[in-house]
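**Student:** I have a structure here, written as structure tokens, and I will follow up with some questions on it.
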Amino acid sequence: MHAVVLREFGPAQNLRYETVPDPEPGPGQVRIAVRAAGVHFIETVMRAGAASDLTPPLPELPAIFGGEVAGVVDAVGPGVDGSWLGRSVVTGSGTPGGYAELAVAAVEQVHPLPDGLGFQDAVAMVVTGATAVGLLDIARLTADDVVLVTSAAGGVGRLVVQHALAVGATVVGAAGGAAKADAVRKLGAEAVDYREDGWDDAVRELLGGEQRPVTVVLDGVGGPLAATAFELVGDGGRFVSIGSASQIAFTPAASDRVRYVNALRALLNRPEDRPGHELRALAAGAHGDLVPAVQSFPLSHAAEVHAALERRETTGKVVLVP
């Protein structure tokens with residue numbers, strides 16, 4: 001099969017499109033003929049050889065990335081019911097990963113595709129969507145909230161914006177670049193470009209000044225941008241960390257004014273909740289309650305895709321297609 005292989009940690013060009021042996025499913029596993037594979041920003045960090053307490057352990061090399069896999073079961077391992085053959089499925093735990101034409105996964109970590117959900121959208125929902133669902137459980141947004149979402153054009157950010165609008169909250173999305181801000185506006189939210197000086201003043205202006213402060217920040221960026229967003233929260237509000245795309249942690253000083261919640265860390269500390277979040281996210285995607293934005297690229301372009309992710313040139317969920 002063809003696959004994208006990493007043989008040495010480093011820059012994006014270290015990802016090579018190669019021919020490798022087909023994987024065979026072991027006991028309790030199915031093999032999936034890949035129709036779509038998700039690309040996650042964390043994978044760019046791991047590819048470079050960096051790791052943190054918010055990333056999985058670095059893989060042994062050579063490695064094939066891409067745990068988010070959707071496709072059709074074409075083989076089953078010992079102990080797996082043959083009825084899985086030919087079924088359209090999705091998993092967040094493909095091994096080797098989905099940057100390939102074939103991937104294997106434990107059958108208990110595979111979900112049949114719900115009716116109405118295509119392969120690419122399923123890949124977008126099984127991890128990114130499940131993460132959004134879990135984070136929103138923690139954030140508990142209501143119609144009374146005035147919500148600021150940073151990284152609002154990203155995979156998780158777009159879903160968070162949709163949910164906040166659906167519950168009736170007032171929503172402002174902060175995104176990096178005019179095109180991304182426009183993408184957020186198309187969802188129905190107000191938007192600002194956080195690359196522009198004074199973006200925080202633009203948020204205040206959209207909300208009518210100091211008389212209507214932000215009640216909740218959902219921050220997916222971290223670093224200095226998160227520090228600026230924190231100052232926009234009114235007394236009694238809350239700041240919910242849902243990621244750190246900048247790879248710079250932000251933890252505010254103890255404050256009686258604003259409650260800080262690291263929702264992503266709380267989510268990672270409860271892996272037992274993950275299967276339920278995956279099922280809810282897939283159902284939300286199938287029913288149209290949450291609609292992911294997907295950018296798809298040929299599998300052979302994985303190196304270019306990683307480089308574009310690092311330059312923040314993508315929006316929504318990035319998917320590779322063999």
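Each chain in the structure tokens gets a letter, A, B, ..., in the order shown, and its residues are numbered from 1; ligands are numbered from 1 in order too.
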Pick out each residue of range 60-236 of chain A that DSSP on the backbone tags as strand (DSSP E); I need them as a VMD selection string.

**Tutor:** chain A and resid 69 to 76 88 to 91 102 to 106 110 to 112 146 to 150 170 to 175 190 to 193 214 to 219 233 to 236

**Student:** With a distance cut-off of 9 Å and only C-alpha atoms, select the neighbouring residues of Val45 in chain A, excluding the residue or stretch itself and same-chain residues fewer than 6 positions from it, and output the selection as an NGL selection string.

**Tutor:** :A and (51 or 55 or 247 or 310)

**Student:** Any chance you could export the current selection's N, CA, C and O atoms as an mmCIF file, in the first residue's frame?

**Tutor:**
```cif
data_model
loop_
_atom_site.group_PDB
_atom_site.id
_atom_site.type_symbol
_atom_site.label_atom_id
_atom_site.label_comp_id
_atom_site.auth_asym_id
_atom_site.auth_seq_id
_atom_site.Cartn_x
_atom_site.Cartn_y
_atom_site.Cartn_z
ATOM 1 N N ALA A 51 7.190 17.292 22.482
ATOM 2 C CA ALA A 51 6.157 16.624 23.275
ATOM 3 C C ALA A 51 5.863 17.479 24.497
ATOM 4 O O ALA A 51 6.695 18.262 24.951
ATOM 5 N N THR A 55 0.257 16.270 24.753
ATOM 6 C CA THR A 55 0.408 15.475 23.540
ATOM 7 C C THR A 55 0.638 14.016 23.913
ATOM 8 O O THR A 55 1.167 13.713 24.986
ATOM 9 N N GLN A 247 1.076 26.705 21.460
ATOM 10 C CA GLN A 247 2.041 25.908 22.234
ATOM 11 C C GLN A 247 2.676 26.712 23.367
ATOM 12 O O GLN A 247 3.754 26.380 23.859
ATOM 13 N N GLU A 310 1.013 24.488 10.107
ATOM 14 C CA GLU A 310 1.947 25.227 10.958
ATOM 15 C C GLU A 310 1.920 26.719 10.658
ATOM 16 O O GLU A 310 2.169 27.540 11.543
#
```

**Student:** Pick out the closest residue to Ala302 in chain A from this set: A:Thr44, A:Asn262, A:Thr128, A:Thr19. Count only C-alpha atoms.

**Tutor:**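 The closest residue to Ala302 in chain A is A:Thr44.
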
**Student:** Between CA of Ala130 in chain A and CA of Val161 in chain A, what distance in Å does the model show, to one decimal?

**Tutor:** 14.8 Å

**Student:** Identify which of the residues A:Leu268, A:Ala139, A:Val156, A:Val5 lies closest to Ala245 in chain A, counting only C-alpha atoms when measuring atom-to-atom distances.

**Tutor:**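 For Ala245 in chain A, the nearest of the candidates is A:Val156.
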
**Student:** Near range 75-77 of chain A, counting only C-alpha atoms, which residues have an atom at most 8 Å away, once you skip same-chain residues fewer than 4 positions from it, shown as a PDB file with N, CA, C and O atoms, in the first residue's frame?

**Tutor:**
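Generated output (result.pdb):
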```pdb
ATOM      1  N   GLU A  24      -1.792  -6.202   8.565  1.00  0.00           N
ATOM      2  CA  GLU A  24      -2.742  -7.303   8.741  1.00  0.00           C
ATOM      3  C   GLU A  24      -3.416  -7.168  10.099  1.00  0.00           C
ATOM      4  O   GLU A  24      -2.756  -6.873  11.101  1.00  0.00           O
ATOM      5  N   PRO A  25      -4.732  -7.348  10.151  1.00  0.00           N
ATOM      6  CA  PRO A  25      -5.422  -7.223  11.441  1.00  0.00           C
ATOM      7  C   PRO A  25      -5.074  -8.377  12.367  1.00  0.00           C
ATOM      8  O   PRO A  25      -5.058  -9.538  11.955  1.00  0.00           O
ATOM      9  N   GLY A  26      -4.789  -8.049  13.618  1.00  0.00           N
ATOM     10  CA  GLY A  26      -4.515  -9.067  14.621  1.00  0.00           C
ATOM     11  C   GLY A  26      -5.792  -9.464  15.339  1.00  0.00           C
ATOM     12  O   GLY A  26      -6.896  -9.054  14.974  1.00  0.00           O
ATOM     13  N   PRO A  27      -5.659 -10.245  16.394  1.00  0.00           N
ATOM     14  CA  PRO A  27      -6.840 -10.653  17.164  1.00  0.00           C
ATOM     15  C   PRO A  27      -7.625  -9.442  17.661  1.00  0.00           C
ATOM     16  O   PRO A  27      -7.056  -8.486  18.205  1.00  0.00           O
ATOM     17  N   GLY A  28      -8.938  -9.476  17.437  1.00  0.00           N
ATOM     18  CA  GLY A  28      -9.786  -8.390  17.902  1.00  0.00           C
ATOM     19  C   GLY A  28      -9.703  -7.124  17.079  1.00  0.00           C
ATOM     20  O   GLY A  28     -10.240  -6.091  17.487  1.00  0.00           O
ATOM     21  N   GLN A  29      -9.078  -7.185  15.889  1.00  0.00           N
ATOM     22  CA  GLN A  29      -8.911  -5.994  15.066  1.00  0.00           C
ATOM     23  C   GLN A  29      -9.635  -6.134  13.728  1.00  0.00           C
ATOM     24  O   GLN A  29      -9.898  -7.242  13.253  1.00  0.00           O
ATOM     25  N   VAL A  30      -9.921  -4.985  13.129  1.00  0.00           N
ATOM     26  CA  VAL A  30     -10.396  -4.931  11.746  1.00  0.00           C
ATOM     27  C   VAL A  30      -9.404  -4.108  10.937  1.00  0.00           C
ATOM     28  O   VAL A  30      -8.687  -3.266  11.477  1.00  0.00           O
ATOM     29  N   ARG A  31      -9.366  -4.386   9.640  1.00  0.00           N
ATOM     30  CA  ARG A  31      -8.573  -3.553   8.735  1.00  0.00           C
ATOM     31  C   ARG A  31      -9.529  -2.690   7.920  1.00  0.00           C
ATOM     32  O   ARG A  31     -10.559  -3.169   7.442  1.00  0.00           O
ATOM     33  N   ILE A  32      -9.162  -1.434   7.771  1.00  0.00           N
ATOM     34  CA  ILE A  32     -10.018  -0.458   7.113  1.00  0.00           C
ATOM     35  C   ILE A  32      -9.349   0.035   5.835  1.00  0.00           C
ATOM     36  O   ILE A  32      -8.194   0.492   5.868  1.00  0.00           O
ATOM     37  N   ASP A  81     -16.268 -10.838  14.435  1.00  0.00           N
ATOM     38  CA  ASP A  81     -17.416 -11.303  13.650  1.00  0.00           C
ATOM     39  C   ASP A  81     -17.280 -10.856  12.197  1.00  0.00           C
ATOM     40  O   ASP A  81     -17.000  -9.685  11.913  1.00  0.00           O
ATOM     41  N   GLY A  82     -17.514 -11.785  11.284  1.00  0.00           N
ATOM     42  CA  GLY A  82     -17.395 -11.487   9.864  1.00  0.00           C
ATOM     43  C   GLY A  82     -18.404 -10.487   9.353  1.00  0.00           C
ATOM     44  O   GLY A  82     -18.252  -9.963   8.240  1.00  0.00           O
ATOM     45  N   TRP A  84     -18.646  -7.569  10.130  1.00  0.00           N
ATOM     46  CA  TRP A  84     -18.004  -6.267   9.980  1.00  0.00           C
ATOM     47  C   TRP A  84     -17.511  -6.042   8.558  1.00  0.00           C
ATOM     48  O   TRP A  84     -17.346  -4.895   8.137  1.00  0.00           O
ATOM     49  N   LEU A  85     -17.263  -7.101   7.811  1.00  0.00           N
ATOM     50  CA  LEU A  85     -16.732  -6.959   6.455  1.00  0.00           C
ATOM     51  C   LEU A  85     -17.687  -6.139   5.595  1.00  0.00           C
ATOM     52  O   LEU A  85     -18.897  -6.376   5.575  1.00  0.00           O
TER      53      LEU A  85
END
```

**Student:** Report the residues of range 24-232 of chain A whose backbone DSSP state falls under alpha helix (DSSP H), written as a PyMOL selection string.

**Tutor:** chain A and resi 41-47+119-124+130-139+155-166+178-186+199-206+223-230

**Student:** Give me the range 199-297 of chain A side of the contact with range 88-96 of chain A, cut-off 12 Å, one line per residue showing its nearest atom pair and distance in Å at one decimal, counting only C-alpha atoms, sorted by chain and residue number, as a Markdown table.

**Tutor:**
```
| residue | atom | partner | partner_atom | distance |
| --- | --- | --- | --- | --- |
| A:Arg274 | CA | A:Gly92 | CA | 10.0 |
| A:Pro275 | CA | A:Gly92 | CA | 9.7 |
| A:His277 | CA | A:Gly92 | CA | 11.6 |
| A:Glu278 | CA | A:Gly92 | CA | 8.6 |
| A:Leu279 | CA | A:Val90 | CA | 10.6 |
| A:Leu282 | CA | A:Val90 | CA | 9.4 |
```

**Student:** Please dump the current selection as a short mmCIF file (atom, residue, chain, number, x, y, z; two decimals), in the first residue's frame; keep all heavy atoms.

**Tutor:**
```cif
data_model
loop_
_atom_site.label_atom_id
_atom_site.label_comp_id
_atom_site.auth_asym_id
_atom_site.auth_seq_id
_atom_site.Cartn_x
_atom_site.Cartn_y
_atom_site.Cartn_z
N ARG A 274 -14.65 9.15 26.74
CA ARG A 274 -14.40 9.37 25.31
C ARG A 274 -15.37 8.63 24.39
O ARG A 274 -15.92 9.24 23.45
CB ARG A 274 -12.96 8.98 24.98
CG ARG A 274 -12.51 9.39 23.59
CD ARG A 274 -12.25 10.87 23.56
NE ARG A 274 -12.12 11.35 22.20
CZ ARG A 274 -11.79 12.60 21.90
NH1 ARG A 274 -11.55 13.46 22.88
NH2 ARG A 274 -11.70 13.00 20.67
N PRO A 275 -15.63 7.34 24.59
CA PRO A 275 -16.54 6.66 23.66
C PRO A 275 -17.92 7.31 23.57
O PRO A 275 -18.49 7.44 22.49
CB PRO A 275 -16.63 5.24 24.23
CG PRO A 275 -15.34 5.05 24.98
CD PRO A 275 -15.05 6.39 25.56
N HIS A 277 -18.60 10.49 24.12
CA HIS A 277 -18.45 11.74 23.39
C HIS A 277 -18.38 11.48 21.88
O HIS A 277 -18.95 12.25 21.08
CB HIS A 277 -17.19 12.48 23.84
CG HIS A 277 -17.26 12.98 25.25
ND1 HIS A 277 -16.14 13.21 26.01
CD2 HIS A 277 -18.32 13.29 26.05
CE1 HIS A 277 -16.50 13.65 27.21
NE2 HIS A 277 -17.82 13.70 27.25
N GLU A 278 -17.68 10.42 21.48
CA GLU A 278 -17.58 10.09 20.06
C GLU A 278 -18.95 9.79 19.47
O GLU A 278 -19.31 10.31 18.39
CB GLU A 278 -16.65 8.90 19.87
CG GLU A 278 -15.20 9.20 20.16
CD GLU A 278 -14.28 7.99 20.05
OE1 GLU A 278 -14.79 6.86 19.90
OE2 GLU A 278 -13.05 8.17 20.10
N LEU A 279 -19.74 8.98 20.16
CA LEU A 279 -21.07 8.64 19.64
C LEU A 279 -21.97 9.87 19.55
O LEU A 279 -22.71 10.05 18.57
CB LEU A 279 -21.71 7.58 20.54
CG LEU A 279 -21.10 6.17 20.44
CD1 LEU A 279 -21.68 5.27 21.53
CD2 LEU A 279 -21.36 5.57 19.06
N LEU A 282 -20.76 12.01 16.53
CA LEU A 282 -21.16 11.44 15.25
C LEU A 282 -22.65 11.63 15.00
O LEU A 282 -23.08 11.94 13.88
CB LEU A 282 -20.79 9.95 15.21
CG LEU A 282 -19.29 9.64 15.21
CD1 LEU A 282 -19.05 8.15 15.42
CD2 LEU A 282 -18.64 10.10 13.90
#
```

**Student:** Counting only C-alpha atoms, what is within 9 Å of Val321 in chain A, bar same-chain residues fewer than 6 positions away, as a ChimeraX atom specification?

**Tutor:** /A:34-37,99-101,120,296-300

**Student:** Given the selection you just returned, output its residues as a file containing C-alpha atoms, formatted as a PDB file, in the first residue's frame.

**Tutor:**
```
ATOM      1  CA  VAL A  34      -9.152   4.249   4.168  1.00  0.00           C
ATOM      2  CA  ARG A  35     -11.451   6.758   2.465  1.00  0.00           C
ATOM      3  CA  ALA A  36     -10.503   9.732   4.652  1.00  0.00           C
ATOM      4  CA  ALA A  37      -7.938  10.391   7.376  1.00  0.00           C
ATOM      5  CA  TYR A  99      -1.964   8.541   6.434  1.00  0.00           C
ATOM      6  CA  ALA A 100      -2.194   5.361   4.392  1.00  0.00           C
ATOM      7  CA  GLU A 101      -4.432   3.333   2.106  1.00  0.00           C
ATOM      8  CA  GLN A 120     -14.837  13.033   5.586  1.00  0.00           C
ATOM      9  CA  SER A 296      -9.462  17.690   1.848  1.00  0.00           C
ATOM     10  CA  PHE A 297      -6.126  17.021   0.175  1.00  0.00           C
ATOM     11  CA  PRO A 298      -4.554  14.028  -1.574  1.00  0.00           C
ATOM     12  CA  LEU A 299      -2.662  11.680   0.727  1.00  0.00           C
ATOM     13  CA  SER A 300       0.526  12.303  -1.224  1.00  0.00           C
TER      14      SER A 300
END
```

**Student:** CA of Ala152 in chain A and CA of Ala175 in chain A are how many Å apart?

**Tutor:** 5.4 Å

**Student:** Hey, what's within 10 Å of Thr251 in chain A if we count only C-alpha atoms and toss same-chain stuff fewer than 6 positions away? As a compact mmCIF listing (two decimals) with N, CA and C atoms, in the first residue's frame, please?

**Tutor:**
```
# COMPACT_ATOMS: atom_id res chain seq x y z
N GLY A 222 -4.11 30.10 23.68
CA GLY A 222 -3.12 30.22 24.73
C GLY A 222 -2.20 31.41 24.49
N GLY A 223 -1.12 31.50 25.28
CA GLY A 223 -0.12 32.54 25.10
C GLY A 223 -0.64 33.94 25.32
N ALA A 226 -4.37 34.71 24.74
CA ALA A 226 -5.25 34.30 25.83
C ALA A 226 -5.22 35.32 26.96
N ALA A 227 -4.05 35.87 27.24
CA ALA A 227 -3.94 36.88 28.31
C ALA A 227 -4.78 38.11 27.97
N SER A 241 -10.21 27.23 29.09
CA SER A 241 -9.16 26.84 28.14
C SER A 241 -9.57 25.56 27.44
N TYR A 260 -11.24 30.45 36.31
CA TYR A 260 -10.45 29.82 35.25
C TYR A 260 -10.69 28.31 35.27
N VAL A 261 -10.97 27.73 34.10
CA VAL A 261 -11.19 26.29 33.97
C VAL A 261 -10.34 25.77 32.82
N ASN A 262 -9.46 24.82 33.11
CA ASN A 262 -8.71 24.16 32.03
C ASN A 262 -9.53 22.94 31.60
```

**Student:** Just want the 12 Å neighbourhood of Ile42 in chain A, counted on only C-alpha atoms, with same-chain residues fewer than 5 positions away dropped. Output as an mmCIF file with all heavy atoms, in the first residue's frame.

**Tutor:**
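Output below, filename around34.cif:
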```
data_model
loop_
_atom_site.group_PDB
_atom_site.id
_atom_site.type_symbol
_atom_site.label_atom_id
_atom_site.label_comp_id
_atom_site.auth_asym_id
_atom_site.auth_seq_id
_atom_site.Cartn_x
_atom_site.Cartn_y
_atom_site.Cartn_z
ATOM 1 N N ARG A 47 5.476 15.376 15.000
ATOM 2 C CA ARG A 47 6.367 15.134 13.853
ATOM 3 C C ARG A 47 7.692 15.870 14.020
ATOM 4 O O ARG A 47 8.761 15.381 13.646
ATOM 5 C CB ARG A 47 5.677 15.604 12.573
ATOM 6 C CG ARG A 47 6.435 15.337 11.291
ATOM 7 C CD ARG A 47 6.265 16.484 10.318
ATOM 8 N NE ARG A 47 6.915 17.688 10.769
ATOM 9 C CZ ARG A 47 6.324 18.878 10.883
ATOM 10 N NH1 ARG A 47 5.040 19.033 10.613
ATOM 11 N NH2 ARG A 47 7.029 19.925 11.314
ATOM 12 N N ALA A 48 7.620 17.067 14.606
ATOM 13 C CA ALA A 48 8.830 17.858 14.827
ATOM 14 C C ALA A 48 9.689 17.294 15.960
ATOM 15 O O ALA A 48 10.825 17.741 16.162
ATOM 16 C CB ALA A 48 8.458 19.302 15.127
ATOM 17 N N GLY A 49 9.148 16.332 16.712
ATOM 18 C CA GLY A 49 9.897 15.731 17.798
ATOM 19 C C GLY A 49 9.659 16.379 19.137
ATOM 20 O O GLY A 49 10.354 16.079 20.118
ATOM 21 N N ALA A 50 8.661 17.267 19.210
ATOM 22 C CA ALA A 50 8.335 17.936 20.471
ATOM 23 C C ALA A 50 7.247 17.154 21.179
ATOM 24 O O ALA A 50 6.463 16.436 20.565
ATOM 25 C CB ALA A 50 7.882 19.362 20.210
ATOM 26 N N ALA A 51 7.190 17.292 22.482
ATOM 27 C CA ALA A 51 6.157 16.624 23.275
ATOM 28 C C ALA A 51 5.863 17.479 24.497
ATOM 29 O O ALA A 51 6.695 18.262 24.951
ATOM 30 C CB ALA A 51 6.606 15.232 23.703
ATOM 31 N N SER A 52 4.652 17.322 24.991
ATOM 32 C CA SER A 52 4.265 18.019 26.216
ATOM 33 C C SER A 52 3.264 17.145 26.942
ATOM 34 O O SER A 52 2.907 16.060 26.473
ATOM 35 C CB SER A 52 3.654 19.385 25.886
ATOM 36 O OG SER A 52 2.348 19.222 25.369
ATOM 37 N N ASP A 53 2.775 17.651 28.084
ATOM 38 C CA ASP A 53 1.810 16.858 28.836
ATOM 39 C C ASP A 53 0.441 16.849 28.164
ATOM 40 O O ASP A 53 -0.456 16.132 28.600
ATOM 41 C CB ASP A 53 1.694 17.355 30.276
ATOM 42 C CG ASP A 53 1.282 18.825 30.367
ATOM 43 O OD1 ASP A 53 1.216 19.502 29.314
ATOM 44 O OD2 ASP A 53 1.029 19.297 31.484
ATOM 45 N N LEU A 54 0.267 17.644 27.089
ATOM 46 C CA LEU A 54 -0.988 17.645 26.357
ATOM 47 C C LEU A 54 -0.892 16.899 25.027
ATOM 48 O O LEU A 54 -1.832 16.900 24.245
ATOM 49 C CB LEU A 54 -1.455 19.083 26.107
ATOM 50 C CG LEU A 54 -1.855 19.874 27.350
ATOM 51 C CD1 LEU A 54 -2.292 21.283 26.954
ATOM 52 C CD2 LEU A 54 -2.967 19.168 28.118
ATOM 53 N N THR A 55 0.257 16.270 24.753
ATOM 54 C CA THR A 55 0.408 15.475 23.540
ATOM 55 C C THR A 55 0.638 14.016 23.913
ATOM 56 O O THR A 55 1.167 13.713 24.986
ATOM 57 C CB THR A 55 1.595 15.954 22.688
ATOM 58 O OG1 THR A 55 2.808 15.797 23.436
ATOM 59 C CG2 THR A 55 1.433 17.404 22.276
ATOM 60 N N PRO A 56 0.258 13.095 23.029
ATOM 61 C CA PRO A 56 0.588 11.690 23.276
ATOM 62 C C PRO A 56 2.097 11.496 23.256
ATOM 63 O O PRO A 56 2.842 12.355 22.764
ATOM 64 C CB PRO A 56 -0.079 10.967 22.093
ATOM 65 C CG PRO A 56 -1.080 11.930 21.550
ATOM 66 C CD PRO A 56 -0.532 13.292 21.812
ATOM 67 N N PRO A 57 2.589 10.370 23.764
ATOM 68 C CA PRO A 57 4.018 10.089 23.677
ATOM 69 C C PRO A 57 4.469 10.049 22.220
ATOM 70 O O PRO A 57 3.701 9.669 21.331
ATOM 71 C CB PRO A 57 4.146 8.709 24.334
ATOM 72 C CG PRO A 57 2.914 8.546 25.154
ATOM 73 C CD PRO A 57 1.836 9.314 24.458
ATOM 74 N N LEU A 58 5.704 10.448 21.981
ATOM 75 C CA LEU A 58 6.231 10.387 20.619
ATOM 76 C C LEU A 58 6.286 8.933 20.157
ATOM 77 O O LEU A 58 6.631 8.041 20.925
ATOM 78 C CB LEU A 58 7.626 11.004 20.559
ATOM 79 C CG LEU A 58 7.716 12.503 20.836
ATOM 80 C CD1 LEU A 58 9.147 12.977 20.757
ATOM 81 C CD2 LEU A 58 6.847 13.290 19.859
ATOM 82 N N PHE A 65 1.368 8.552 10.912
ATOM 83 C CA PHE A 65 0.447 9.309 11.741
ATOM 84 C C PHE A 65 -0.990 9.147 11.239
ATOM 85 O O PHE A 65 -1.250 8.592 10.181
ATOM 86 C CB PHE A 65 0.819 10.792 11.729
ATOM 87 C CG PHE A 65 2.009 11.136 12.584
ATOM 88 C CD1 PHE A 65 3.179 11.625 12.014
ATOM 89 C CD2 PHE A 65 1.955 10.996 13.956
ATOM 90 C CE1 PHE A 65 4.265 11.959 12.792
ATOM 91 C CE2 PHE A 65 3.035 11.323 14.755
ATOM 92 C CZ PHE A 65 4.200 11.803 14.166
ATOM 93 N N GLY A 66 -1.920 9.697 12.015
ATOM 94 C CA GLY A 66 -3.312 9.774 11.587
ATOM 95 C C GLY A 66 -4.221 8.783 12.273
ATOM 96 O O GLY A 66 -4.649 7.806 11.663
ATOM 97 N N GLY A 67 -4.564 9.026 13.529
ATOM 98 C CA GLY A 67 -5.443 8.108 14.239
ATOM 99 C C GLY A 67 -6.894 8.173 13.801
ATOM 100 O O GLY A 67 -7.648 7.240 14.000
ATOM 101 N N THR A 128 -12.165 15.501 16.718
ATOM 102 C CA THR A 128 -12.386 16.940 16.883
ATOM 103 C C THR A 128 -13.792 17.215 17.403
ATOM 104 O O THR A 128 -13.990 18.010 18.326
ATOM 105 C CB THR A 128 -12.150 17.664 15.551
ATOM 106 O OG1 THR A 128 -10.793 17.433 15.134
ATOM 107 C CG2 THR A 128 -12.393 19.146 15.682
ATOM 108 N N GLY A 243 -7.677 24.524 24.571
ATOM 109 C CA GLY A 243 -6.546 24.138 23.737
ATOM 110 C C GLY A 243 -5.450 25.175 23.834
ATOM 111 O O GLY A 243 -5.596 26.204 24.504
ATOM 112 N N SER A 244 -4.346 24.909 23.124
ATOM 113 C CA SER A 244 -3.218 25.830 23.148
ATOM 114 C C SER A 244 -2.470 25.731 21.826
ATOM 115 O O SER A 244 -1.359 25.230 21.754
ATOM 116 C CB SER A 244 -2.280 25.508 24.324
ATOM 117 O OG SER A 244 -1.240 26.448 24.414
ATOM 118 N N ALA A 245 -3.111 26.231 20.762
ATOM 119 C CA ALA A 245 -2.527 26.124 19.429
ATOM 120 C C ALA A 245 -1.184 26.836 19.326
ATOM 121 O O ALA A 245 -0.340 26.464 18.512
ATOM 122 C CB ALA A 245 -3.499 26.688 18.390
ATOM 123 N N SER A 246 -0.980 27.858 20.157
ATOM 124 C CA SER A 246 0.291 28.586 20.129
ATOM 125 C C SER A 246 1.423 27.795 20.774
ATOM 126 O O SER A 246 2.584 28.178 20.658
ATOM 127 C CB SER A 246 0.140 29.917 20.867
ATOM 128 O OG SER A 246 -0.044 29.700 22.260
ATOM 129 N N GLN A 247 1.076 26.705 21.460
ATOM 130 C CA GLN A 247 2.041 25.908 22.234
ATOM 131 C C GLN A 247 2.676 26.712 23.367
ATOM 132 O O GLN A 247 3.754 26.380 23.859
ATOM 133 C CB GLN A 247 3.137 25.332 21.320
ATOM 134 C CG GLN A 247 2.624 24.351 20.284
ATOM 135 C CD GLN A 247 1.961 23.136 20.921
ATOM 136 O OE1 GLN A 247 2.590 22.395 21.656
ATOM 137 N NE2 GLN A 247 0.687 22.939 20.628
ATOM 138 N N HIS A 306 0.962 19.561 6.367
ATOM 139 C CA HIS A 306 1.565 19.854 7.671
ATOM 140 C C HIS A 306 2.151 21.263 7.692
ATOM 141 O O HIS A 306 1.986 22.011 8.665
ATOM 142 C CB HIS A 306 2.645 18.822 7.994
ATOM 143 C CG HIS A 306 2.155 17.679 8.809
ATOM 144 N ND1 HIS A 306 2.775 17.250 9.966
ATOM 145 C CD2 HIS A 306 1.091 16.859 8.638
ATOM 146 C CE1 HIS A 306 2.109 16.220 10.467
ATOM 147 N NE2 HIS A 306 1.096 15.955 9.676
ATOM 148 N N LEU A 309 -0.631 23.801 7.950
ATOM 149 C CA LEU A 309 -1.168 23.845 9.309
ATOM 150 C C LEU A 309 -0.276 24.673 10.222
ATOM 151 O O LEU A 309 -0.761 25.473 11.023
ATOM 152 C CB LEU A 309 -1.302 22.432 9.866
ATOM 153 C CG LEU A 309 -2.608 21.682 9.611
ATOM 154 C CD1 LEU A 309 -2.452 20.221 10.025
ATOM 155 C CD2 LEU A 309 -3.743 22.317 10.378
ATOM 156 N N GLU A 310 1.013 24.488 10.107
ATOM 157 C CA GLU A 310 1.947 25.227 10.958
ATOM 158 C C GLU A 310 1.920 26.719 10.658
ATOM 159 O O GLU A 310 2.169 27.540 11.543
ATOM 160 C CB GLU A 310 3.352 24.657 10.801
ATOM 161 C CG GLU A 310 3.487 23.263 11.393
ATOM 162 C CD GLU A 310 4.826 22.616 11.089
ATOM 163 O OE1 GLU A 310 5.264 22.643 9.923
ATOM 164 O OE2 GLU A 310 5.436 22.063 12.017
#
```

**Student:** Hey, can you check how far CA of Pro11 in chain A sits from CA of Val319 in chain A?

**Tutor:** 19.6 Å

**Student:** Quick one: residues within 7 Å of Leu61 in chain A, only C-alpha atoms counted, chain neighbours fewer than 2 positions away excluded, as a list in words?

**Tutor:**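 Selected residues are Leu6, Arg7, Glu8, Pro59 and Ala63 of chain A.
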
**Student:** Give me the range 76-177 of chain A side of the contact with range 185-188 of chain A, cut-off 9 Å, one line per residue showing its nearest atom pair and distance in Å at one decimal, counting only C-alpha atoms, sorted by chain and residue number, as JSON lines.

**Tutor:**
```
{"residue": "A:Arg158", "atom": "CA", "partner": "A:Leu187", "partner_atom": "CA", "distance": 8.0}
{"residue": "A:Val161", "atom": "CA", "partner": "A:Leu187", "partner_atom": "CA", "distance": 7.7}
{"residue": "A:Gln162", "atom": "CA", "partner": "A:Leu187", "partner_atom": "CA", "distance": 6.9}
{"residue": "A:Leu165", "atom": "CA", "partner": "A:Gly188", "partner_atom": "CA", "distance": 7.6}
{"residue": "A:Val171", "atom": "CA", "partner": "A:Gly188", "partner_atom": "CA", "distance": 8.6}
{"residue": "A:Val172", "atom": "CA", "partner": "A:Arg185", "partner_atom": "CA", "distance": 8.9}
{"residue": "A:Gly173", "atom": "CA", "partner": "A:Arg185", "partner_atom": "CA", "distance": 8.1}
```
